[in-house]
Structures are given as C-alpha cells and as structure tokens.
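What follows is one structure encoded as structure tokens, with my remarks underneath.
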Amino acid sequence: MTNQPQRFATCPDRRGTGSEKWDRYAGRDIIPVWVADMDFQAPPEVLAAMHDRVDHGVFGYTHEPPGFRESLADHLATRHRWTIDPDTIVATPGVVNGLAITARLLARPDDEILTFTPVYPPFLSLPGLAERRCIRVPLATSLDRWVIDWDALEHAASPRTRLLWLCHPHNPTGTAFGEDDLLRMAEFAERHRLVIVSDEIWGDLMLDGKRHVPLASLDHPSAKKAVTLVAPSKTWNLAGLGCAAAIVHDDAIRRRWRAAGGGLVPMVNPIGYAAAIAAWRHGESWRQELLALLGRHHRLVQEAVASIPGLTCRPADATYLAWIDCRESGAIDPQAACEAAGLGPSDGRDFGAPGFIRINVACPTDRLVESLRRLARAFA
Ligand SMILES: Cc1ncc(COP(=O)(O)O)c(C=O)c1O
C-alpha cells in the first residue's frame with residue numbers, strides 16, 4: 001500500500017499468544033477489529049529498554065524508578081504544554097484501575113458519578129462495582145461531531161453527585177474537547193462541588209495535527225483539583241504491560257491513593273516502567289509516523305462508510321477508533337451482520353449504544369482495506 005512506512009506494513013502473528021483480541025474469533029475467518037490495542041510491534045527504542053531491564057535480571061518489588069516521573073512530566077510539558085510537579089505523579093497498573101480507585105477515594109456508597117455516553121464500558125460498570133451510582137449524560141450530535149449537551153449535564157447533577165468521569169479524547173466517538181468546553185466543564189464542577197477525573201489515555205493520539213488540551217492544564221480552580229489518568233499503553237502499544245499514571249495535585253488525596261485500593265491493586269512491574277520511560281523519552285518519531293498512518297486509515301473508513309447506504313461515521317479528532325452508526329442500515333443486529341461477513345468489531349451495546357459498532361483501524365493497511373470490504377458486505 002502506498003505511503004505506509006515499512007514498520008507498519010506488516011505485523012507479528014498474534015494467534016497463540018493469549019491475545020484477547022485475536023482469541024475471540026480463533027479458528028474462524030473473522031478479522032478482529034474490536035479490543036483497543038494495535039497489531040504493530042512497539043518501537044525498537046522501547047523494546048531495547050525492556051531488553052536492558054531483563055538483562056539486569058532482578059525483578060523484585062519495584063516502586064516508581066528514577067526517571068519515571070520526570071520522563072512523564074517532560075512528555076506532558078513538551079507535547080501538551082502542561083507543566084507539572086513530578087511529585088504529583090502516582091504510578092498505577094492501569095487507567096481502569098485508576099478510575100476504580102477514584103470511585104472509592106472521592107465518593108461514598110450511593111454517591112453519583114456522571115459520565116458522557118456512549119462510553120468505554122468500564123465507565124458504566126465500575127461505579128456499580130464500587131457501590132456508587134453511574135449517571136449517564138448522553139452526548140448530542142452536531143453535523144460532524146459528538147458534542148456535550150449542556151442542558152442534559154445540568155439536569156443530571158444532584159446533591160449526591162461527587163465526580164464527573166471525563167474520557168478526553170473520548171472513546172468511542174473520538175471527540176477531543178476544546179478549551180472552551182473544558183472550561184465550561186470546570187465551571188460546572190465548581191458550581192456543583194464535584195471533582196473531574198479526566199481519563200486522557202488517548203491524548204497522545206490526536207489526528208491531523210490537532211492539539212490535546214489536558215483538562216488540568218487550564219487556569220481554573222476545578223482544573224487544579226482534577227485527577228488526570230494517562231498511560232503510554234494506547235500510543236506505543238504496551239497495554240499488556242500494565243503501567244499507567246495518575247496525576248493528583250491534592251497531597252491528601254495522593255497520600256490516600258494506595259490505601260484506597262484495599263490491598264487488591266498490585267504494584268507496577270519493572271518491565272512496564274522501563275517501557276513507559278523509553279516510550280515517553282524516545283517514542284516521538286515512531287508516534288509521528290503512527291499518527292500519519294492513522295490519519296490515512298481514518299480517511300479510508302470515511303470513504304468506505306460514505307459508500308455504504310445506511311451507515312454514518314462522524315470523523316474522529318483522535319484515537320484509532322471509528323464509531324459507526326448503523327441504525328439506518330436496516331440491520332437488526334449490526335454486530336451479528338458484521339461477524340457473518342467476517343468482521344469482528346466492538347458492539348455498540350457494550351457502550352450503551354445499540355445500533356452502533358466500533359472499528360479499530362490500528363492494523364496494516366491491507367488488513368484494514370479487507371475489513372472495510374467485509375463491512376460493505378455486511379450491509380449489502
Ligand atoms: C478511555 C480508556 N480508558 C482506559 C482504557 C484501558 O486502560 P488500562 O488498560 O490502562 O486499564 C482504555 C482502553 O481501551 C480506554 O479506551
């Protein structure tokens with residue numbers, strides 16, 4: 001395929017490696033485009049750092065090693081114009097885990113957590129698992145984007161609301177919220193005395209040169225109180241290594257972070273740390289190549305969807321995810337229709353949106369082209 005850097009033209013066979021994405025359809029001619037990881041190898045600089053750490057040969061209990069907090073702080077300052085004190089960073093073995101901690105740390109049983117829907121499924125399930133209540137605030141659509149319905153947000157708040165869980169950029173719609181929206185959210189949070197937890201795991205995957213604005217970088221009191229969750233996992237394909245970070249400005253909350261895990265949260269592993277530091281320090285040229293590829297892949301999806309009657313897909317600002325509305329297609333079960341045609345997307349029902357599917361475009365171009373051919377067949 002034209003313009004595809006060699007490193008993204010092929011990828012290892014993930015079958016037989018315990019890959020969640022590939023095992024679902026093992027032995028069937030169904031291309032898996034569901035779980036949000038990529039089929040590409042991590043950057044060579046990251047692999048080299050992991051090899052070095054393995055060669056050390058000792059893998060005892062490990063807390064944040066030298067360079068972990070500093071490399072993340074540098075990354076945020078350089079790439080997102082957000083200057084933080086490295087001491088505000090706490091390592092966590094995952095962003096989902098960080099969300100679960102905030103439910104326990106910043107809300108009490110039966111308190112309410114607001115979230116914009118459709119959304120990445122753990123946003124919907126984690127509050128209940130912590131005996132908190134998830135309050136869904138549906139996003140609205142404008143002509144070409146998913147946007148906040150401010151009236152719906154205002155109506156959703158109650159005296160029991162403690163948290164707003166923001167997914168920014170947003171999975172599955174791909175909307176990256178701009179400064180005006182973020183400021184308005186911060187004002188809303190201040191008025192209702194709630195804390196915003198901003199999951200910015202997709203913040204390094206902005207498309208077409210767009211800029212990610214970290215919520216907590218705004219000059220607003222609520223932004224200073226926000227908890228931000230980040231990770232190198234989406235951008236450099238390291239999800240299985242379980243290394244993420246929370247940025248918590250409030251000292252008292254940060255000190256109570258680990259205890260809120262109730263003894264159930266493991267420490268981050270030494271290989272995950274080594275990979276994260278290398279990705280933040282040395283992963284930039286790889287990231288830029290990836291972004292160029294993802295931009296082209298999103299355009300291929302737009303072209304394909306435009307030619308399939310009944311499907312629509314609003315262009316994403318960020319992510320490697322395409323959120324496709326199949327409600328006008330006449331298909332009663334779009335997920336089943338796709339699987340019958342040899343394509344395995346994520347089912348919109350899991351995100352609170354029946355009639356939608358989500359497609360992961362982070363695979364070699366040939367595979368994406370074949371996936372889109374199968375998409376057309378599913379709705380023929
Ligand atoms: C918005 C969002 N948050 C968190 C995660 C998962 O994060 P982790 O693997 O660090 O728990 C994902 C994975 O798709 C995601 O899309």
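Identifiers for the structure tokens are assigned positionally: chains receive A, B, ... in sequence, residues are indexed from 1 per chain, and ligands are indexed from 1 in the order shown.
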Set the cut-off to 7 Å, count only C-alpha atoms and all ligand atoms, and list whatever residues fall near ligand 1 as a list in words.
-> Val35, Ala36, Pro93, Gly94, Val95, Val96, Asn97, Tyr120, Cys167, His170, Asn171, Asp199, Ile201, Trp202, Ala231, Ser233, Ala239, Gly242, Cys243 and Ala244 of chain A
What lies within 8 Å of Leu311 of chain A using only C-alpha atoms, ignoring chain neighbours under 4 positions off, as a list in words?
->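 The contact residues come out as Val305, Ala306, Ile324, Asp325, Cys326, Arg327, Glu328 and Ser329 of chain A.
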For the selection just defined, write its residues with N, CA and C atoms to a file, as a tab-separated table (two decimals), in the first residue's frame.
```
chain	number	residue	atom	x	y	z
A	305	VAL	N	-17.42	4.15	4.51
A	305	VAL	CA	-18.73	4.32	5.14
A	305	VAL	C	-19.65	5.17	4.26
A	306	ALA	N	-19.06	6.19	3.62
A	306	ALA	CA	-19.88	7.05	2.75
A	306	ALA	C	-20.48	6.27	1.59
A	324	ILE	N	-19.30	3.86	14.30
A	324	ILE	CA	-20.16	3.83	13.11
A	324	ILE	C	-21.61	3.61	13.51
A	325	ASP	N	-22.45	4.51	13.03
A	325	ASP	CA	-23.89	4.46	13.30
A	325	ASP	C	-24.54	3.61	12.22
A	326	CYS	N	-25.12	2.48	12.61
A	326	CYS	CA	-25.72	1.55	11.63
A	326	CYS	C	-27.25	1.54	11.74
A	327	ARG	N	-27.80	2.51	12.49
A	327	ARG	CA	-29.24	2.42	12.78
A	327	ARG	C	-30.12	2.56	11.56
A	328	GLU	N	-29.60	3.25	10.52
A	328	GLU	CA	-30.43	3.43	9.31
A	328	GLU	C	-30.17	2.33	8.28
A	329	SER	N	-29.37	1.34	8.66
A	329	SER	CA	-28.98	0.33	7.67
A	329	SER	C	-30.03	-0.75	7.47
```
Which distance in Å separates atom CA of Ala322 of chain A and atom CA of Gly272 of chain A, to one decimal?
->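 So the two atoms, atom CA of Ala322 of chain A and atom CA of Gly272 of chain A, lie 28.1 Å apart.
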Sel. of helix (DSSP H, G or I) residues, segment 145-348 of chain A, as JSON, numbers by chain | {"A": [150, 151, 152, 153, 154, 155, 156, 179, 180, 181, 182, 183, 184, 185, 186, 187, 188, 189, 190, 191, 215, 216, 217, 221, 222, 223, 224, 225, 233, 234, 235, 236, 239, 240, 241, 251, 252, 253, 254, 255, 256, 259, 260, 261, 270, 271, 272, 273, 274, 275, 276, 277, 278, 279, 280, 281, 282, 284, 285, 286, 287, 288, 289, 290, 291, 292, 293, 294, 295, 296, 297, 298, 299, 300, 301, 302, 303, 304, 305, 306, 334, 335, 336, 337, 338, 339, 340, 348]}
Could you pull out the strand (DSSP E) residues of segment 89-233 of chain A from DSSP and send them as a PyMOL selection string?
-> chain A and resi 89-92+112-117+133-138+140-141+146-147+161-167+195-199+227-230
Once you have the residues from the selection above, write them out as an mmCIF file, in the first residue's frame, restricted to N, CA and C atoms.
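Contents of selection05.cif, as written:
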```
data_model
loop_
_atom_site.group_PDB
_atom_site.id
_atom_site.type_symbol
_atom_site.label_atom_id
_atom_site.label_comp_id
_atom_site.auth_asym_id
_atom_site.auth_seq_id
_atom_site.Cartn_x
_atom_site.Cartn_y
_atom_site.Cartn_z
ATOM 1 N N ILE A 89 2.822 12.767 40.571
ATOM 2 C CA ILE A 89 2.544 11.557 39.775
ATOM 3 C C ILE A 89 2.567 10.311 40.660
ATOM 4 N N VAL A 90 1.537 9.491 40.520
ATOM 5 C CA VAL A 90 1.483 8.192 41.205
ATOM 6 C C VAL A 90 1.356 7.118 40.130
ATOM 7 N N ALA A 91 2.192 6.093 40.184
ATOM 8 C CA ALA A 91 2.063 5.006 39.206
ATOM 9 C C ALA A 91 0.869 4.133 39.560
ATOM 10 N N THR A 92 0.205 3.639 38.546
ATOM 11 C CA THR A 92 -0.911 2.707 38.761
ATOM 12 C C THR A 92 -0.867 1.644 37.659
ATOM 13 N N GLU A 112 -23.069 9.701 43.359
ATOM 14 C CA GLU A 112 -23.264 9.611 41.909
ATOM 15 C C GLU A 112 -22.024 10.067 41.122
ATOM 16 N N ILE A 113 -21.784 9.346 40.054
ATOM 17 C CA ILE A 113 -20.669 9.664 39.150
ATOM 18 C C ILE A 113 -21.248 9.915 37.766
ATOM 19 N N LEU A 114 -21.010 11.099 37.244
ATOM 20 C CA LEU A 114 -21.534 11.444 35.910
ATOM 21 C C LEU A 114 -20.585 10.970 34.828
ATOM 22 N N THR A 115 -21.157 10.528 33.720
ATOM 23 C CA THR A 115 -20.309 10.164 32.588
ATOM 24 C C THR A 115 -21.056 10.386 31.269
ATOM 25 N N PHE A 116 -20.320 10.841 30.261
ATOM 26 C CA PHE A 116 -20.938 11.111 28.955
ATOM 27 C C PHE A 116 -21.028 9.817 28.153
ATOM 28 N N THR A 117 -22.199 9.534 27.640
ATOM 29 C CA THR A 117 -22.385 8.288 26.886
ATOM 30 C C THR A 117 -22.675 8.585 25.412
ATOM 31 N N ARG A 133 -23.167 5.168 42.084
ATOM 32 C CA ARG A 133 -24.163 5.134 41.008
ATOM 33 C C ARG A 133 -23.653 5.863 39.771
ATOM 34 N N CYS A 134 -23.826 5.200 38.644
ATOM 35 C CA CYS A 134 -23.409 5.792 37.374
ATOM 36 C C CYS A 134 -24.581 6.579 36.789
ATOM 37 N N ILE A 135 -24.379 7.853 36.539
ATOM 38 C CA ILE A 135 -25.424 8.665 35.917
ATOM 39 C C ILE A 135 -24.979 8.996 34.491
ATOM 40 N N ARG A 136 -25.754 8.529 33.541
ATOM 41 C CA ARG A 136 -25.370 8.696 32.134
ATOM 42 C C ARG A 136 -25.873 10.024 31.580
ATOM 43 N N VAL A 137 -24.991 10.738 30.938
ATOM 44 C CA VAL A 137 -25.353 12.003 30.285
ATOM 45 C C VAL A 137 -25.083 11.817 28.791
ATOM 46 N N PRO A 138 -26.152 11.620 28.002
ATOM 47 C CA PRO A 138 -25.906 11.339 26.585
ATOM 48 C C PRO A 138 -25.255 12.520 25.873
ATOM 49 N N ALA A 140 -24.641 14.720 22.507
ATOM 50 C CA ALA A 140 -25.509 15.063 21.375
ATOM 51 C C ALA A 140 -24.650 15.026 20.112
ATOM 52 N N THR A 141 -25.315 15.121 18.959
ATOM 53 C CA THR A 141 -24.542 15.164 17.722
ATOM 54 C C THR A 141 -24.812 16.475 17.007
ATOM 55 N N TRP A 146 -19.545 14.683 17.802
ATOM 56 C CA TRP A 146 -20.285 14.397 19.030
ATOM 57 C C TRP A 146 -19.945 15.507 20.017
ATOM 58 N N VAL A 147 -20.988 16.092 20.620
ATOM 59 C CA VAL A 147 -20.771 17.281 21.465
ATOM 60 C C VAL A 147 -21.509 17.125 22.792
ATOM 61 N N THR A 161 -24.054 14.069 43.612
ATOM 62 C CA THR A 161 -23.022 13.915 42.581
ATOM 63 C C THR A 161 -21.669 14.328 43.150
ATOM 64 N N ARG A 162 -20.712 13.441 43.041
ATOM 65 C CA ARG A 162 -19.373 13.737 43.566
ATOM 66 C C ARG A 162 -18.324 13.851 42.464
ATOM 67 N N LEU A 163 -18.538 13.102 41.376
ATOM 68 C CA LEU A 163 -17.492 13.008 40.363
ATOM 69 C C LEU A 163 -18.060 13.170 38.960
ATOM 70 N N LEU A 164 -17.230 13.722 38.091
ATOM 71 C CA LEU A 164 -17.504 13.660 36.648
ATOM 72 C C LEU A 164 -16.347 12.892 36.043
ATOM 73 N N TRP A 165 -16.633 11.745 35.484
ATOM 74 C CA TRP A 165 -15.612 10.954 34.794
ATOM 75 C C TRP A 165 -15.618 11.358 33.335
ATOM 76 N N LEU A 166 -14.548 12.008 32.959
ATOM 77 C CA LEU A 166 -14.436 12.500 31.588
ATOM 78 C C LEU A 166 -13.490 11.589 30.818
ATOM 79 N N CYS A 167 -13.867 11.259 29.608
ATOM 80 C CA CYS A 167 -12.985 10.483 28.746
ATOM 81 C C CYS A 167 -12.548 11.449 27.633
ATOM 82 N N VAL A 195 -15.566 16.712 41.653
ATOM 83 C CA VAL A 195 -14.199 16.572 41.127
ATOM 84 C C VAL A 195 -14.275 15.939 39.741
ATOM 85 N N ILE A 196 -13.481 16.461 38.810
ATOM 86 C CA ILE A 196 -13.410 15.841 37.480
ATOM 87 C C ILE A 196 -12.236 14.876 37.468
ATOM 88 N N VAL A 197 -12.508 13.669 37.011
ATOM 89 C CA VAL A 197 -11.441 12.698 36.766
ATOM 90 C C VAL A 197 -11.341 12.579 35.246
ATOM 91 N N SER A 198 -10.198 12.971 34.723
ATOM 92 C CA SER A 198 -10.064 13.026 33.269
ATOM 93 C C SER A 198 -9.159 11.894 32.785
ATOM 94 N N ASP A 199 -9.760 10.961 32.076
ATOM 95 C CA ASP A 199 -9.020 9.836 31.500
ATOM 96 C C ASP A 199 -8.459 10.313 30.154
ATOM 97 N N VAL A 227 -8.252 15.011 38.833
ATOM 98 C CA VAL A 227 -7.314 13.884 38.769
ATOM 99 C C VAL A 227 -7.199 13.503 37.299
ATOM 100 N N THR A 228 -5.959 13.382 36.801
ATOM 101 C CA THR A 228 -5.755 13.026 35.392
ATOM 102 C C THR A 228 -5.120 11.646 35.323
ATOM 103 N N LEU A 229 -5.618 10.833 34.416
ATOM 104 C CA LEU A 229 -5.067 9.486 34.218
ATOM 105 C C LEU A 229 -4.459 9.412 32.824
ATOM 106 N N VAL A 230 -3.226 8.973 32.769
ATOM 107 C CA VAL A 230 -2.536 8.863 31.471
ATOM 108 C C VAL A 230 -1.781 7.529 31.423
#
```
Nearest to Leu218 of chain A, chosen from A:Phe123, A:Phe351, A:Trp82, A:Trp236, with only C-alpha atoms counted in the distances |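 Checking each candidate against Leu218 of chain A, we get A:Trp82 as the closest.
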Residue nearest Phe40 of chain A among A:Asn237, A:Ser19, A:Gln288, A:Asn360 (counting only C-alpha atoms) |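 Checking each candidate against Phe40 of chain A, we get A:Asn237 as the closest.
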Would you mind listing what lies within 9 Å of segment 6-14 of chain A as a list of chain:residue names, with only C-alpha atoms counted and same-chain residues fewer than 2 positions away left out?
->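 Those residues are A:Met1, A:Asn3, A:Gln4, A:Gly16, A:Thr17, A:Gly18, A:Ser19, A:Lys21, A:Trp22, A:Asp23, A:Asp39, A:Phe40, A:Gln41, A:Glu289, A:Leu290, A:Leu293, A:Cys363, A:Pro364, A:Thr365, A:Asp366.
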Please produce a file of those selected residues containing N, CA and C atoms, as an mmCIF file, in the first residue's frame.
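As a result, again01.cif now contains:
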```
data_model
loop_
_atom_site.group_PDB
_atom_site.id
_atom_site.type_symbol
_atom_site.label_atom_id
_atom_site.label_comp_id
_atom_site.auth_asym_id
_atom_site.auth_seq_id
_atom_site.Cartn_x
_atom_site.Cartn_y
_atom_site.Cartn_z
ATOM 1 N N MET A 1 0.848 -1.217 0.000
ATOM 2 C CA MET A 1 0.000 0.000 0.000
ATOM 3 C C MET A 1 0.878 1.258 0.000
ATOM 4 N N ASN A 3 2.563 4.863 0.722
ATOM 5 C CA ASN A 3 2.794 5.717 1.889
ATOM 6 C C ASN A 3 2.759 5.014 3.228
ATOM 7 N N GLN A 4 2.820 3.721 3.235
ATOM 8 C CA GLN A 4 2.779 3.054 4.527
ATOM 9 C C GLN A 4 4.210 2.758 4.962
ATOM 10 N N GLY A 16 -2.212 -17.466 19.222
ATOM 11 C CA GLY A 16 -1.431 -18.342 20.114
ATOM 12 C C GLY A 16 -0.593 -17.587 21.129
ATOM 13 N N THR A 17 -0.814 -16.268 21.256
ATOM 14 C CA THR A 17 -0.052 -15.506 22.255
ATOM 15 C C THR A 17 -0.941 -15.081 23.437
ATOM 16 N N GLY A 18 -2.149 -15.608 23.476
ATOM 17 C CA GLY A 18 -3.074 -15.193 24.543
ATOM 18 C C GLY A 18 -3.665 -13.818 24.271
ATOM 19 N N SER A 19 -3.664 -13.393 23.025
ATOM 20 C CA SER A 19 -4.214 -12.069 22.682
ATOM 21 C C SER A 19 -5.735 -12.092 22.834
ATOM 22 N N LYS A 21 -7.799 -9.930 21.816
ATOM 23 C CA LYS A 21 -8.428 -9.512 20.563
ATOM 24 C C LYS A 21 -8.524 -10.676 19.572
ATOM 25 N N TRP A 22 -7.434 -11.436 19.437
ATOM 26 C CA TRP A 22 -7.391 -12.475 18.405
ATOM 27 C C TRP A 22 -8.051 -13.770 18.849
ATOM 28 N N ASP A 23 -8.087 -14.028 20.157
ATOM 29 C CA ASP A 23 -8.631 -15.315 20.604
ATOM 30 C C ASP A 23 -10.153 -15.387 20.466
ATOM 31 N N ASP A 39 -2.018 -3.908 16.299
ATOM 32 C CA ASP A 39 -1.348 -5.141 15.884
ATOM 33 C C ASP A 39 0.134 -4.903 15.603
ATOM 34 N N PHE A 40 0.623 -3.676 15.807
ATOM 35 C CA PHE A 40 2.026 -3.352 15.490
ATOM 36 C C PHE A 40 2.951 -3.647 16.665
ATOM 37 N N GLN A 41 4.214 -3.943 16.329
ATOM 38 C CA GLN A 41 5.236 -4.066 17.371
ATOM 39 C C GLN A 41 5.503 -2.699 17.984
ATOM 40 N N GLU A 289 5.007 8.895 12.978
ATOM 41 C CA GLU A 289 4.735 8.002 11.834
ATOM 42 C C GLU A 289 3.394 7.298 12.009
ATOM 43 N N LEU A 290 3.148 6.876 13.236
ATOM 44 C CA LEU A 290 1.874 6.204 13.515
ATOM 45 C C LEU A 290 0.700 7.149 13.241
ATOM 46 N N LEU A 293 -0.137 7.448 9.663
ATOM 47 C CA LEU A 293 -0.837 6.245 9.183
ATOM 48 C C LEU A 293 -2.300 6.247 9.648
ATOM 49 N N CYS A 363 -4.097 -1.330 12.328
ATOM 50 C CA CYS A 363 -3.590 -2.589 11.761
ATOM 51 C C CYS A 363 -2.956 -2.226 10.416
ATOM 52 N N PRO A 364 -2.241 -3.142 9.787
ATOM 53 C CA PRO A 364 -1.675 -2.818 8.477
ATOM 54 C C PRO A 364 -2.783 -2.422 7.480
ATOM 55 N N THR A 365 -2.428 -1.559 6.548
ATOM 56 C CA THR A 365 -3.430 -1.007 5.631
ATOM 57 C C THR A 365 -4.162 -2.115 4.857
ATOM 58 N N ASP A 366 -3.430 -3.123 4.417
ATOM 59 C CA ASP A 366 -4.087 -4.207 3.665
ATOM 60 C C ASP A 366 -5.215 -4.839 4.474
#
```
Just the residues within 9 Å of Asp144 of chain A, please, counting only C-alpha atoms, with nothing from its chain fewer than 6 positions along; format it as a ChimeraX atom specification.
-> /A:313-315
If you keep C-alpha atoms, can you produce a file of those selected residues as a compact mmCIF listing (two decimals), in the first residue's frame?
```txt
# COMPACT_ATOMS: atom_id res chain seq x y z
CA CYS A 313 -19.43 7.89 10.94
CA ARG A 314 -18.52 11.29 12.32
CA PRO A 315 -14.80 11.94 11.86
```
Do a neighbour search on Pro270 of chain A at 9 Å with only C-alpha atoms, toss out local chain neighbours closer than 5 positions, and write the hits as JSON, numbers by chain.
-> {"A": [53, 59, 60, 61, 62, 63, 64, 65, 275]}
Point-to-point distance from atom CA of Pro169 of chain A to atom CA of Arg349 of chain A, Å rounded to tenths |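 Answer for the atom CA of Pro169 of chain A to atom CA of Arg349 of chain A separation: 20.3 Å.
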